[in-house]
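Engineer: Below is the file input34.pdb, with PDB, C-alpha atoms.
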```
ATOM      1  CA  MET F 229      24.328   2.917  -9.198  1.00  0.00           C
ATOM      2  CA  VAL F 230      23.762   4.239 -12.703  1.00  0.00           C
ATOM      3  CA  ALA F 231      24.763   7.754 -11.595  1.00  0.00           C
ATOM      4  CA  ILE F 232      27.923   6.482  -9.838  1.00  0.00           C
ATOM      5  CA  LEU F 233      29.054   4.346 -12.785  1.00  0.00           C
ATOM      6  CA  GLY F 234      27.889   7.031 -15.240  1.00  0.00           C
ATOM      7  CA  ASN F 235      30.135   9.513 -13.403  1.00  0.00           C
ATOM      8  CA  THR F 236      33.175   7.304 -14.040  1.00  0.00           C
ATOM      9  CA  VAL F 237      32.225   6.606 -17.664  1.00  0.00           C
ATOM     10  CA  LEU F 238      31.654  10.329 -18.351  1.00  0.00           C
ATOM     11  CA  THR F 239      35.049  11.136 -16.789  1.00  0.00           C
ATOM     12  CA  TRP F 240      36.791   8.562 -19.030  1.00  0.00           C
ATOM     13  CA  VAL F 241      34.986   9.869 -22.121  1.00  0.00           C
ATOM     14  CA  LYS F 242      35.684  13.562 -21.502  1.00  0.00           C
ATOM     15  CA  GLU F 243      39.355  12.960 -20.545  1.00  0.00           C
ATOM     16  CA  GLU F 244      39.953  10.859 -23.666  1.00  0.00           C
ATOM     17  CA  ASN F 245      37.896  12.980 -26.053  1.00  0.00           C
ATOM     18  CA  MET F 246      38.693  16.697 -26.053  1.00  0.00           C
ATOM     19  CA  ALA F 247      35.663  17.478 -28.260  1.00  0.00           C
ATOM     20  CA  VAL F 248      33.361  16.207 -25.486  1.00  0.00           C
ATOM     21  CA  ASN F 249      35.360  18.156 -22.883  1.00  0.00           C
ATOM     22  CA  LEU F 250      35.072  21.329 -24.960  1.00  0.00           C
ATOM     23  CA  ALA F 251      31.335  20.827 -25.545  1.00  0.00           C
ATOM     24  CA  MET F 252      30.822  20.395 -21.772  1.00  0.00           C
ATOM     25  CA  LYS F 253      32.844  23.550 -21.166  1.00  0.00           C
ATOM     26  CA  GLN F 254      30.712  25.521 -23.619  1.00  0.00           C
ATOM     27  CA  LEU F 255      27.452  24.218 -22.166  1.00  0.00           C
ATOM     28  CA  LEU F 256      27.801  25.469 -18.567  1.00  0.00           C
ATOM     29  CA  TYR F 257      31.024  27.607 -18.503  1.00  0.00           C
ATOM     30  CA  HIS F 258      33.211  24.790 -17.025  1.00  0.00           C
ATOM     31  CA  HIS F 259      33.359  21.048 -17.832  1.00  0.00           C
ATOM     32  CA  TRP F 260      33.176  20.221 -14.099  1.00  0.00           C
ATOM     33  CA  ILE F 261      29.916  22.162 -13.636  1.00  0.00           C
ATOM     34  CA  THR F 262      28.315  20.351 -16.602  1.00  0.00           C
ATOM     35  CA  HIS F 263      29.658  17.041 -15.283  1.00  0.00           C
ATOM     36  CA  GLY F 264      28.208  17.598 -11.786  1.00  0.00           C
ATOM     37  CA  VAL F 265      24.812  18.731 -13.079  1.00  0.00           C
ATOM     38  CA  ALA F 266      24.638  15.704 -15.432  1.00  0.00           C
ATOM     39  CA  VAL F 267      25.449  13.243 -12.613  1.00  0.00           C
ATOM     40  CA  ILE F 268      22.978  14.786 -10.134  1.00  0.00           C
ATOM     41  CA  LEU F 269      20.203  15.048 -12.739  1.00  0.00           C
ATOM     42  CA  THR F 270      20.775  11.397 -13.762  1.00  0.00           C
ATOM     43  CA  PHE F 271      20.548  10.362 -10.102  1.00  0.00           C
ATOM     44  CA  LEU F 272      17.421  12.410  -9.338  1.00  0.00           C
ATOM     45  CA  VAL F 273      15.485  11.618 -12.538  1.00  0.00           C
ATOM     46  CA  LEU F 274      16.334   7.880 -12.649  1.00  0.00           C
ATOM     47  CA  GLY F 275      15.877   7.644  -8.858  1.00  0.00           C
ATOM     48  CA  PHE F 276      12.407   9.177  -9.116  1.00  0.00           C
ATOM     49  CA  ILE F 277      11.372   6.839 -11.949  1.00  0.00           C
ATOM     50  CA  LEU F 278      12.898   3.665 -10.461  1.00  0.00           C
ATOM     51  CA  SER F 279      11.509   4.333  -6.949  1.00  0.00           C
ATOM     52  CA  ARG F 280       8.034   3.932  -8.489  1.00  0.00           C
ATOM     53  CA  ILE F 281       8.928   0.650 -10.188  1.00  0.00           C
ATOM     54  CA  VAL F 282      11.198  -1.183  -7.708  1.00  0.00           C
ATOM     55  CA  ARG F 283       9.609  -3.217  -4.866  1.00  0.00           C
ATOM     56  CA  PRO F 284       9.958  -1.763  -1.334  1.00  0.00           C
ATOM     57  CA  SER F 285      11.783  -4.940  -0.250  1.00  0.00           C
ATOM     58  CA  ALA F 286      14.678  -4.233  -2.667  1.00  0.00           C
ATOM     59  CA  CYS F 287      17.037  -2.994   0.105  1.00  0.00           C
ATOM     60  CA  ARG F 288      18.620  -6.435   0.520  1.00  0.00           C
ATOM     61  CA  THR F 289      19.672  -6.742  -3.121  1.00  0.00           C
ATOM     62  CA  LEU F 290      20.508  -3.053  -3.423  1.00  0.00           C
ATOM     63  CA  THR F 291      23.163  -3.046  -0.667  1.00  0.00           C
ATOM     64  CA  PRO F 292      25.818  -5.258  -2.344  1.00  0.00           C
ATOM     65  CA  LEU F 293      25.096  -3.724  -5.766  1.00  0.00           C
ATOM     66  CA  LEU F 294      25.598  -0.201  -4.413  1.00  0.00           C
ATOM     67  CA  VAL F 295      28.828  -1.112  -2.612  1.00  0.00           C
ATOM     68  CA  VAL F 296      30.234  -2.854  -5.717  1.00  0.00           C
ATOM     69  CA  ALA F 297      29.171   0.050  -8.001  1.00  0.00           C
ATOM     70  CA  SER F 298      30.863   2.575  -5.658  1.00  0.00           C
ATOM     71  CA  ALA F 299      34.060   0.487  -5.548  1.00  0.00           C
ATOM     72  CA  ILE F 300      34.132   0.060  -9.353  1.00  0.00           C
ATOM     73  CA  GLY F 301      33.361   3.777  -9.850  1.00  0.00           C
ATOM     74  CA  ALA F 302      36.155   4.886  -7.513  1.00  0.00           C
ATOM     75  CA  LEU F 303      38.704   2.362  -8.830  1.00  0.00           C
ATOM     76  CA  GLY F 304      37.836   3.360 -12.402  1.00  0.00           C
ATOM     77  CA  LEU F 305      38.709   6.977 -11.598  1.00  0.00           C
ATOM     78  CA  VAL F 306      41.931   6.015  -9.796  1.00  0.00           C
ATOM     79  CA  ALA F 307      42.972   3.817 -12.758  1.00  0.00           C
ATOM     80  CA  LEU F 308      42.200   6.564 -15.286  1.00  0.00           C
ATOM     81  CA  PHE F 309      44.277   9.221 -13.537  1.00  0.00           C
ATOM     82  CA  LEU F 310      47.114   6.784 -12.812  1.00  0.00           C
ATOM     83  CA  ILE F 311      47.249   6.052 -16.552  1.00  0.00           C
ATOM     84  CA  LEU F 312      46.922   9.716 -17.605  1.00  0.00           C
ATOM     85  CA  GLY F 313      49.200  11.053 -14.830  1.00  0.00           C
TER      86      GLY F 313
ATOM     87  CA  MET W  90      38.838  27.377   3.672  1.00  0.00           C
ATOM     88  CA  VAL W  91      35.125  26.729   3.962  1.00  0.00           C
ATOM     89  CA  HIS W  92      34.608  23.571   1.894  1.00  0.00           C
ATOM     90  CA  PRO W  93      36.915  21.207   3.847  1.00  0.00           C
ATOM     91  CA  THR W  94      35.091  22.367   7.004  1.00  0.00           C
ATOM     92  CA  THR W  95      31.582  21.714   5.634  1.00  0.00           C
ATOM     93  CA  ALA W  96      32.823  18.327   4.325  1.00  0.00           C
ATOM     94  CA  ALA W  97      34.235  17.426   7.766  1.00  0.00           C
ATOM     95  CA  LEU W  98      30.940  18.458   9.408  1.00  0.00           C
ATOM     96  CA  SER W  99      29.086  16.311   6.855  1.00  0.00           C
ATOM     97  CA  ILE W 100      31.299  13.340   7.841  1.00  0.00           C
ATOM     98  CA  PHE W 101      30.487  13.944  11.535  1.00  0.00           C
ATOM     99  CA  CYS W 102      26.755  14.020  10.705  1.00  0.00           C
ATOM    100  CA  ALA W 103      27.082  10.726   8.746  1.00  0.00           C
ATOM    101  CA  ILE W 104      28.802   9.156  11.796  1.00  0.00           C
ATOM    102  CA  TRP W 105      26.042  10.574  14.038  1.00  0.00           C
ATOM    103  CA  PHE W 106      23.425   9.109  11.638  1.00  0.00           C
ATOM    104  CA  ALA W 107      25.093   5.661  11.765  1.00  0.00           C
ATOM    105  CA  VAL W 108      25.069   5.734  15.586  1.00  0.00           C
ATOM    106  CA  GLU W 109      21.359   6.661  15.612  1.00  0.00           C
ATOM    107  CA  VAL W 110      20.562   3.829  13.147  1.00  0.00           C
ATOM    108  CA  LEU W 111      22.511   1.319  15.261  1.00  0.00           C
ATOM    109  CA  ASN W 112      20.275   2.372  18.180  1.00  0.00           C
ATOM    110  CA  ALA W 113      17.089   2.758  16.110  1.00  0.00           C
ATOM    111  CA  SER W 114      13.908   3.182  18.157  1.00  0.00           C
ATOM    112  CA  GLU W 115      10.651   5.139  17.984  1.00  0.00           C
ATOM    113  CA  SER W 116      12.199   7.907  20.106  1.00  0.00           C
ATOM    114  CA  ASN W 117      15.195   8.726  17.845  1.00  0.00           C
ATOM    115  CA  ARG W 118      13.387   8.651  14.476  1.00  0.00           C
ATOM    116  CA  GLY W 119      13.456  12.465  14.180  1.00  0.00           C
ATOM    117  CA  ARG W 120      17.120  12.736  15.165  1.00  0.00           C
ATOM    118  CA  THR W 121      18.054  10.018  12.631  1.00  0.00           C
ATOM    119  CA  ARG W 122      16.375  11.910   9.785  1.00  0.00           C
ATOM    120  CA  PHE W 123      17.858  15.231  10.922  1.00  0.00           C
ATOM    121  CA  ALA W 124      21.390  13.751  10.955  1.00  0.00           C
ATOM    122  CA  ALA W 125      20.976  12.390   7.397  1.00  0.00           C
ATOM    123  CA  LEU W 126      19.539  15.704   6.146  1.00  0.00           C
ATOM    124  CA  ALA W 127      22.318  17.700   7.842  1.00  0.00           C
ATOM    125  CA  SER W 128      24.944  15.415   6.262  1.00  0.00           C
ATOM    126  CA  MET W 129      23.348  15.873   2.820  1.00  0.00           C
ATOM    127  CA  TRP W 130      22.981  19.679   3.011  1.00  0.00           C
ATOM    128  CA  LEU W 131      26.540  20.072   4.298  1.00  0.00           C
ATOM    129  CA  MET W 132      27.778  17.941   1.375  1.00  0.00           C
ATOM    130  CA  VAL W 133      25.718  20.063  -1.066  1.00  0.00           C
ATOM    131  CA  ALA W 134      27.269  23.194   0.524  1.00  0.00           C
ATOM    132  CA  THR W 135      30.712  21.592   0.014  1.00  0.00           C
ATOM    133  CA  TRP W 136      29.868  21.079  -3.671  1.00  0.00           C
ATOM    134  CA  ILE W 137      28.781  24.693  -4.174  1.00  0.00           C
ATOM    135  CA  VAL W 138      31.522  26.405  -2.128  1.00  0.00           C
ATOM    136  CA  GLY W 139      34.306  24.020  -3.228  1.00  0.00           C
ATOM    137  CA  GLY W 140      33.094  24.217  -6.819  1.00  0.00           C
ATOM    138  CA  TYR W 141      33.162  28.037  -6.751  1.00  0.00           C
ATOM    139  CA  TRP W 142      36.707  27.991  -5.391  1.00  0.00           C
ATOM    140  CA  TYR W 143      37.783  25.377  -7.962  1.00  0.00           C
ATOM    141  CA  VAL W 144      36.254  27.133 -10.981  1.00  0.00           C
ATOM    142  CA  VAL W 145      37.316  30.681 -10.028  1.00  0.00           C
ATOM    143  CA  TYR W 146      40.638  30.376  -8.127  1.00  0.00           C
ATOM    144  CA  TYR W 147      42.198  26.939  -8.685  1.00  0.00           C
ATOM    145  CA  ALA W 148      43.864  27.751 -12.048  1.00  0.00           C
ATOM    146  CA  ALA W 149      46.634  29.729 -10.275  1.00  0.00           C
ATOM    147  CA  ASP W 150      47.310  26.876  -7.817  1.00  0.00           C
ATOM    148  CA  LYS W 151      47.291  24.365 -10.679  1.00  0.00           C
ATOM    149  CA  ALA W 152      50.002  26.311 -12.532  1.00  0.00           C
ATOM    150  CA  ILE W 153      52.188  26.341  -9.383  1.00  0.00           C
ATOM    151  CA  ILE W 154      51.651  22.606  -8.710  1.00  0.00           C
ATOM    152  CA  LEU W 155      52.442  21.586 -12.305  1.00  0.00           C
ATOM    153  CA  LYS W 156      55.805  23.428 -12.148  1.00  0.00           C
ATOM    154  CA  SER W 157      56.647  22.024  -8.694  1.00  0.00           C
ATOM    155  CA  ALA W 158      58.357  18.783  -7.674  1.00  0.00           C
ATOM    156  CA  TRP W 159      54.876  17.380  -6.919  1.00  0.00           C
ATOM    157  CA  PRO W 160      52.941  17.635 -10.230  1.00  0.00           C
ATOM    158  CA  PHE W 161      51.031  14.479  -9.209  1.00  0.00           C
ATOM    159  CA  ALA W 162      49.239  16.614  -6.583  1.00  0.00           C
ATOM    160  CA  HIS W 163      47.227  17.902  -9.555  1.00  0.00           C
ATOM    161  CA  THR W 164      47.523  15.196 -12.230  1.00  0.00           C
ATOM    162  CA  PHE W 165      46.425  12.426  -9.883  1.00  0.00           C
ATOM    163  CA  PHE W 166      45.051  13.734  -6.575  1.00  0.00           C
ATOM    164  CA  MET W 167      43.099  16.792  -7.770  1.00  0.00           C
ATOM    165  CA  GLU W 168      41.778  15.096 -10.908  1.00  0.00           C
ATOM    166  CA  ALA W 169      40.648  11.992  -8.966  1.00  0.00           C
ATOM    167  CA  LYS W 170      39.239  14.096  -6.107  1.00  0.00           C
ATOM    168  CA  GLU W 171      37.166  16.464  -8.252  1.00  0.00           C
ATOM    169  CA  HIS W 172      35.470  13.515  -9.974  1.00  0.00           C
ATOM    170  CA  ALA W 173      35.244  11.059  -7.039  1.00  0.00           C
ATOM    171  CA  PHE W 174      33.462  13.794  -5.072  1.00  0.00           C
ATOM    172  CA  PHE W 175      30.322  13.216  -7.162  1.00  0.00           C
ATOM    173  CA  ILE W 176      30.136   9.625  -5.857  1.00  0.00           C
ATOM    174  CA  THR W 177      30.174  10.935  -2.272  1.00  0.00           C
ATOM    175  CA  LEU W 178      27.604  13.618  -3.119  1.00  0.00           C
ATOM    176  CA  VAL W 179      25.198  11.132  -4.749  1.00  0.00           C
ATOM    177  CA  LEU W 180      25.567   8.723  -1.805  1.00  0.00           C
ATOM    178  CA  SER W 181      24.887  11.440   0.777  1.00  0.00           C
ATOM    179  CA  ILE W 182      21.732  12.585  -1.097  1.00  0.00           C
ATOM    180  CA  TYR W 183      20.641   8.941  -1.351  1.00  0.00           C
ATOM    181  CA  LEU W 184      21.220   8.503   2.402  1.00  0.00           C
ATOM    182  CA  ALA W 185      18.863  11.413   3.183  1.00  0.00           C
ATOM    183  CA  ILE W 186      16.180  10.083   0.789  1.00  0.00           C
ATOM    184  CA  VAL W 187      16.273   6.559   2.312  1.00  0.00           C
ATOM    185  CA  ALA W 188      16.328   8.019   5.851  1.00  0.00           C
ATOM    186  CA  GLY W 189      13.147   9.936   5.066  1.00  0.00           C
ATOM    187  CA  LYS W 190      11.328   6.891   3.648  1.00  0.00           C
ATOM    188  CA  GLU W 191      12.364   3.764   5.562  1.00  0.00           C
ATOM    189  CA  ASP W 192      11.462   2.538   9.033  1.00  0.00           C
ATOM    190  CA  PHE W 193      14.752   1.504  10.639  1.00  0.00           C
ATOM    191  CA  VAL W 194      13.086   0.138  13.757  1.00  0.00           C
ATOM    192  CA  HIS W 195      11.301  -2.689  11.930  1.00  0.00           C
ATOM    193  CA  ASN W 196      13.232  -3.040   8.643  1.00  0.00           C
ATOM    194  CA  ARG W 197      16.610  -4.718   9.187  1.00  0.00           C
ATOM    195  CA  SER W 198      17.632  -4.737   5.497  1.00  0.00           C
ATOM    196  CA  ALA W 199      17.043  -0.954   5.319  1.00  0.00           C
ATOM    197  CA  ARG W 200      19.270  -0.537   8.402  1.00  0.00           C
ATOM    198  CA  VAL W 201      22.040  -2.585   6.738  1.00  0.00           C
ATOM    199  CA  LEU W 202      21.675  -0.586   3.503  1.00  0.00           C
ATOM    200  CA  VAL W 203      22.006   2.840   5.167  1.00  0.00           C
ATOM    201  CA  LEU W 204      24.872   1.714   7.387  1.00  0.00           C
ATOM    202  CA  TRP W 205      26.798   0.660   4.267  1.00  0.00           C
ATOM    203  CA  VAL W 206      25.939   3.920   2.498  1.00  0.00           C
ATOM    204  CA  ALA W 207      26.964   5.964   5.573  1.00  0.00           C
ATOM    205  CA  ALA W 208      30.251   4.012   5.731  1.00  0.00           C
ATOM    206  CA  LEU W 209      30.886   4.745   2.029  1.00  0.00           C
ATOM    207  CA  VAL W 210      30.169   8.464   2.579  1.00  0.00           C
ATOM    208  CA  ILE W 211      32.513   8.583   5.590  1.00  0.00           C
ATOM    209  CA  ILE W 212      35.379   6.643   3.932  1.00  0.00           C
ATOM    210  CA  SER W 213      35.183   8.445   0.565  1.00  0.00           C
ATOM    211  CA  ALA W 214      34.859  11.903   2.161  1.00  0.00           C
ATOM    212  CA  PHE W 215      37.866  11.216   4.424  1.00  0.00           C
ATOM    213  CA  ALA W 216      39.872  10.091   1.366  1.00  0.00           C
ATOM    214  CA  ILE W 217      38.890  13.308  -0.449  1.00  0.00           C
ATOM    215  CA  GLU W 218      39.886  15.408   2.607  1.00  0.00           C
ATOM    216  CA  GLY W 219      43.266  13.636   2.548  1.00  0.00           C
ATOM    217  CA  ALA W 220      43.679  14.334  -1.169  1.00  0.00           C
ATOM    218  CA  GLY W 221      42.857  18.000  -0.482  1.00  0.00           C
ATOM    219  CA  SER W 222      45.660  18.274   2.061  1.00  0.00           C
ATOM    220  CA  LEU W 223      48.127  16.724  -0.440  1.00  0.00           C
ATOM    221  CA  ILE W 224      47.043  19.296  -3.050  1.00  0.00           C
ATOM    222  CA  SER W 225      47.656  22.138  -0.548  1.00  0.00           C
ATOM    223  CA  MET W 226      51.069  20.612   0.168  1.00  0.00           C
ATOM    224  CA  GLY W 227      51.752  20.564  -3.596  1.00  0.00           C
ATOM    225  CA  VAL W 228      51.101  24.331  -3.756  1.00  0.00           C
ATOM    226  CA  ARG W 229      53.354  24.955  -0.739  1.00  0.00           C
ATOM    227  CA  ILE W 230      56.181  22.858  -2.249  1.00  0.00           C
ATOM    228  CA  GLY W 231      55.796  24.784  -5.513  1.00  0.00           C
ATOM    229  CA  LEU W 232      55.955  28.139  -3.722  1.00  0.00           C
ATOM    230  CA  MET W 233      59.102  27.129  -1.798  1.00  0.00           C
ATOM    231  CA  GLN W 234      60.840  25.998  -4.978  1.00  0.00           C
ATOM    232  CA  PRO W 235      63.134  28.609  -6.559  1.00  0.00           C
ATOM    233  CA  GLY W 236      62.020  29.675 -10.031  1.00  0.00           C
ATOM    234  CA  VAL W 237      58.341  28.655  -9.681  1.00  0.00           C
TER     235      VAL W 237
END
```
I'd like the structure from this file rewritten - as structure tokens, please.
Structural biologist:
Amino acid sequence: MVAILGNTVLTWVKEENMAVNLAMKQLLYHHWITHGVAVILTFLVLGFILSRIVRPSACRTLTPLLVVASAIGALGLVALFLILG
Amino acid sequence: MVHPTTAALSIFCAIWFAVEVLNASESNRGRTRFAALASMWLMVATWIVGGYWYVVYYAADKAIILKSAWPFAHTFFMEAKEHAFFITLVLSIYLAIVAGKEDFVHNRSARVLVLWVAALVIISAFAIEGAGSLISMGVRIGLMQPGV
């Protein structure tokens, strides 16, 4: 959830702030490469940590949260590029 | 192109995974995990191959699209697609992790969770495939336009 919403937030930030976009470009050759690596690392690192904390019975609460986070993440991207486009 | 093909195969594997989960039993446990892993690795391959194509070759297509009658093929569809793809990628990795850990025969809430995640992977990947075809159409329209 954090990685999905973080992906949308990072997209908003880098599209609105060219300094961030440029810094991401300088870090790993292309802003999209840096963006992808950041999202996957966030998912893997937080997933590893949280899987040791969260109860095994968390599936029931996780399902609606994950669906809502995915919908908000996707709609946030659509809204951003509708505004910018 | 390779990446729409690996993405389509990943969608098929996610559908296969959902069918196995709907019929979860002791006998199909291995097949269920294999389908989730295949879907994940095909999506990772899509990321690498599609990313290489995007970073190295897309600039020329972008220039054609922006001068064409369909600039929105880049300004909306490509921009949304290249960022929404990370949602699909994260979900397909998550699907493989849950498939490797949970017992779908006895845990109903885990079955519901992975069926939702598989549905999100399938729907979002299909939407991205559709956006990809509109981007290709944008290039073709640009190339047919005099002066582009």
Engineer: Work out how far atom CA of W:Met226 is from atom CA of F:Trp260, in Å to one decimal.
Structural biologist: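 Atom CA of W:Met226 lies 22.9 Å from atom CA of F:Trp260.
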Engineer: What box, with edges along x, y and z, holds each listed atom of stretch 282-301 of chain F when 4 Å is added on every side, and can you state its centre and edge lengths in Å to one decimal, as AutoDock Vina command-line options?
Structural biologist:
```
--center_x 21.9 --center_y -1.5 --center_z -4.7 --size_x 32.5 --size_y 18.5 --size_z 18.4
```
Engineer: Can you list every residue of chain W that has an atom at most 7 Å from chain F, with its nearest atom pair and the distance in Å to one decimal, using only C-alpha atoms, ordered by chain then number, as JSON lines?
Structural biologist:
```
{"residue": "W:Phe161", "atom": "CA", "partner": "F:Gly313", "partner_atom": "CA", "distance": 6.8}
{"residue": "W:Thr164", "atom": "CA", "partner": "F:Gly313", "partner_atom": "CA", "distance": 5.2}
{"residue": "W:Phe165", "atom": "CA", "partner": "F:Phe309", "partner_atom": "CA", "distance": 5.3}
{"residue": "W:Glu168", "atom": "CA", "partner": "F:Phe309", "partner_atom": "CA", "distance": 6.9}
{"residue": "W:Ala169", "atom": "CA", "partner": "F:Leu305", "partner_atom": "CA", "distance": 6.0}
{"residue": "W:Ala173", "atom": "CA", "partner": "F:Ala302", "partner_atom": "CA", "distance": 6.3}
{"residue": "W:Phe175", "atom": "CA", "partner": "F:Gly264", "partner_atom": "CA", "distance": 6.7}
{"residue": "W:Ile176", "atom": "CA", "partner": "F:Ile232", "partner_atom": "CA", "distance": 5.5}
{"residue": "W:Val179", "atom": "CA", "partner": "F:Ile268", "partner_atom": "CA", "distance": 6.9}
{"residue": "W:Ser198", "atom": "CA", "partner": "F:Arg288", "partner_atom": "CA", "distance": 5.4}
{"residue": "W:Ala199", "atom": "CA", "partner": "F:Cys287", "partner_atom": "CA", "distance": 5.6}
{"residue": "W:Leu202", "atom": "CA", "partner": "F:Thr291", "partner_atom": "CA", "distance": 5.1}
```
Engineer: Produce a file of the selected residues containing C-alpha atoms, as an mmCIF file, keeping the file's coordinate frame.
Structural biologist:
```cif
data_model
loop_
_atom_site.group_PDB
_atom_site.id
_atom_site.type_symbol
_atom_site.label_atom_id
_atom_site.label_comp_id
_atom_site.auth_asym_id
_atom_site.auth_seq_id
_atom_site.Cartn_x
_atom_site.Cartn_y
_atom_site.Cartn_z
ATOM 1 C CA PHE W 161 51.031 14.479 -9.209
ATOM 2 C CA THR W 164 47.523 15.196 -12.230
ATOM 3 C CA PHE W 165 46.425 12.426 -9.883
ATOM 4 C CA GLU W 168 41.778 15.096 -10.908
ATOM 5 C CA ALA W 169 40.648 11.992 -8.966
ATOM 6 C CA ALA W 173 35.244 11.059 -7.039
ATOM 7 C CA PHE W 175 30.322 13.216 -7.162
ATOM 8 C CA ILE W 176 30.136 9.625 -5.857
ATOM 9 C CA VAL W 179 25.198 11.132 -4.749
ATOM 10 C CA SER W 198 17.632 -4.737 5.497
ATOM 11 C CA ALA W 199 17.043 -0.954 5.319
ATOM 12 C CA LEU W 202 21.675 -0.586 3.503
#
```
Engineer: Using all atoms listed in the file for the distances, tell me which of W:Ala124, W:Met90, W:Met233, W:Val228 is nearest to W:Ile154.
Structural biologist: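 Result for the nearest residue to W:Ile154: W:Val228.
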Engineer: Any idea what's packed within 12 Å of W:Ile230, counting only C-alpha atoms, ignoring anything in its chain fewer than 3 positions away? Could you give it as a list in words?
Structural biologist: Asp150, Ile153, Ile154, Leu155, Lys156, Ser157, Ala158, Trp159, Pro160, Ala162, Leu223, Ile224, Ser225, Met226, Gly227, Met233, Gln234, Pro235, Gly236 and Val237 of chain W
Engineer: Could you please determine the separation between atom CA of W:Ala96 and atom CA of W:Met167 in Å, to one decimal place?
Structural biologist: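 We find that atom CA of W:Ala96 and atom CA of W:Met167 lie 15.9 Å from each other.
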Engineer: If we count all atoms listed in the file and set the cut-off at 9 Å, which residues sit around stretch 105-115 of chain W, ignoring sequence neighbours fewer than 6 positions away in its own chain? Please answer as a PyMOL selection string.
Structural biologist: chain W and resi 121-125+128+193-195+200+203-204+207-208
Engineer: Considering all atoms listed in the file, state which residue in the set W:Ile100, W:Thr94, W:Trp130, W:Phe166 is at the smallest distance from W:Ile212.
Structural biologist: W:Ile100
Engineer: Atom CA of W:Leu232 and atom CA of W:Thr95 are how many Å apart?
Structural biologist: 26.9 Å
Engineer: With the file shown as input, list the residues that the PyMOL selection byres ((chain W and resi 93) around 12) selects, as a PyMOL selection string.
Structural biologist: chain W and resi 90-92+94-100+131-132+134-140+142+214-222+225
Engineer: Can you work out which one of W:Arg197, W:His172, W:Arg229, W:Lys190 has the shortest atom-to-atom distance to F:Val237, counting all atoms listed in the file?
Structural biologist: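 Smallest separation from F:Val237 among the options: W:His172.
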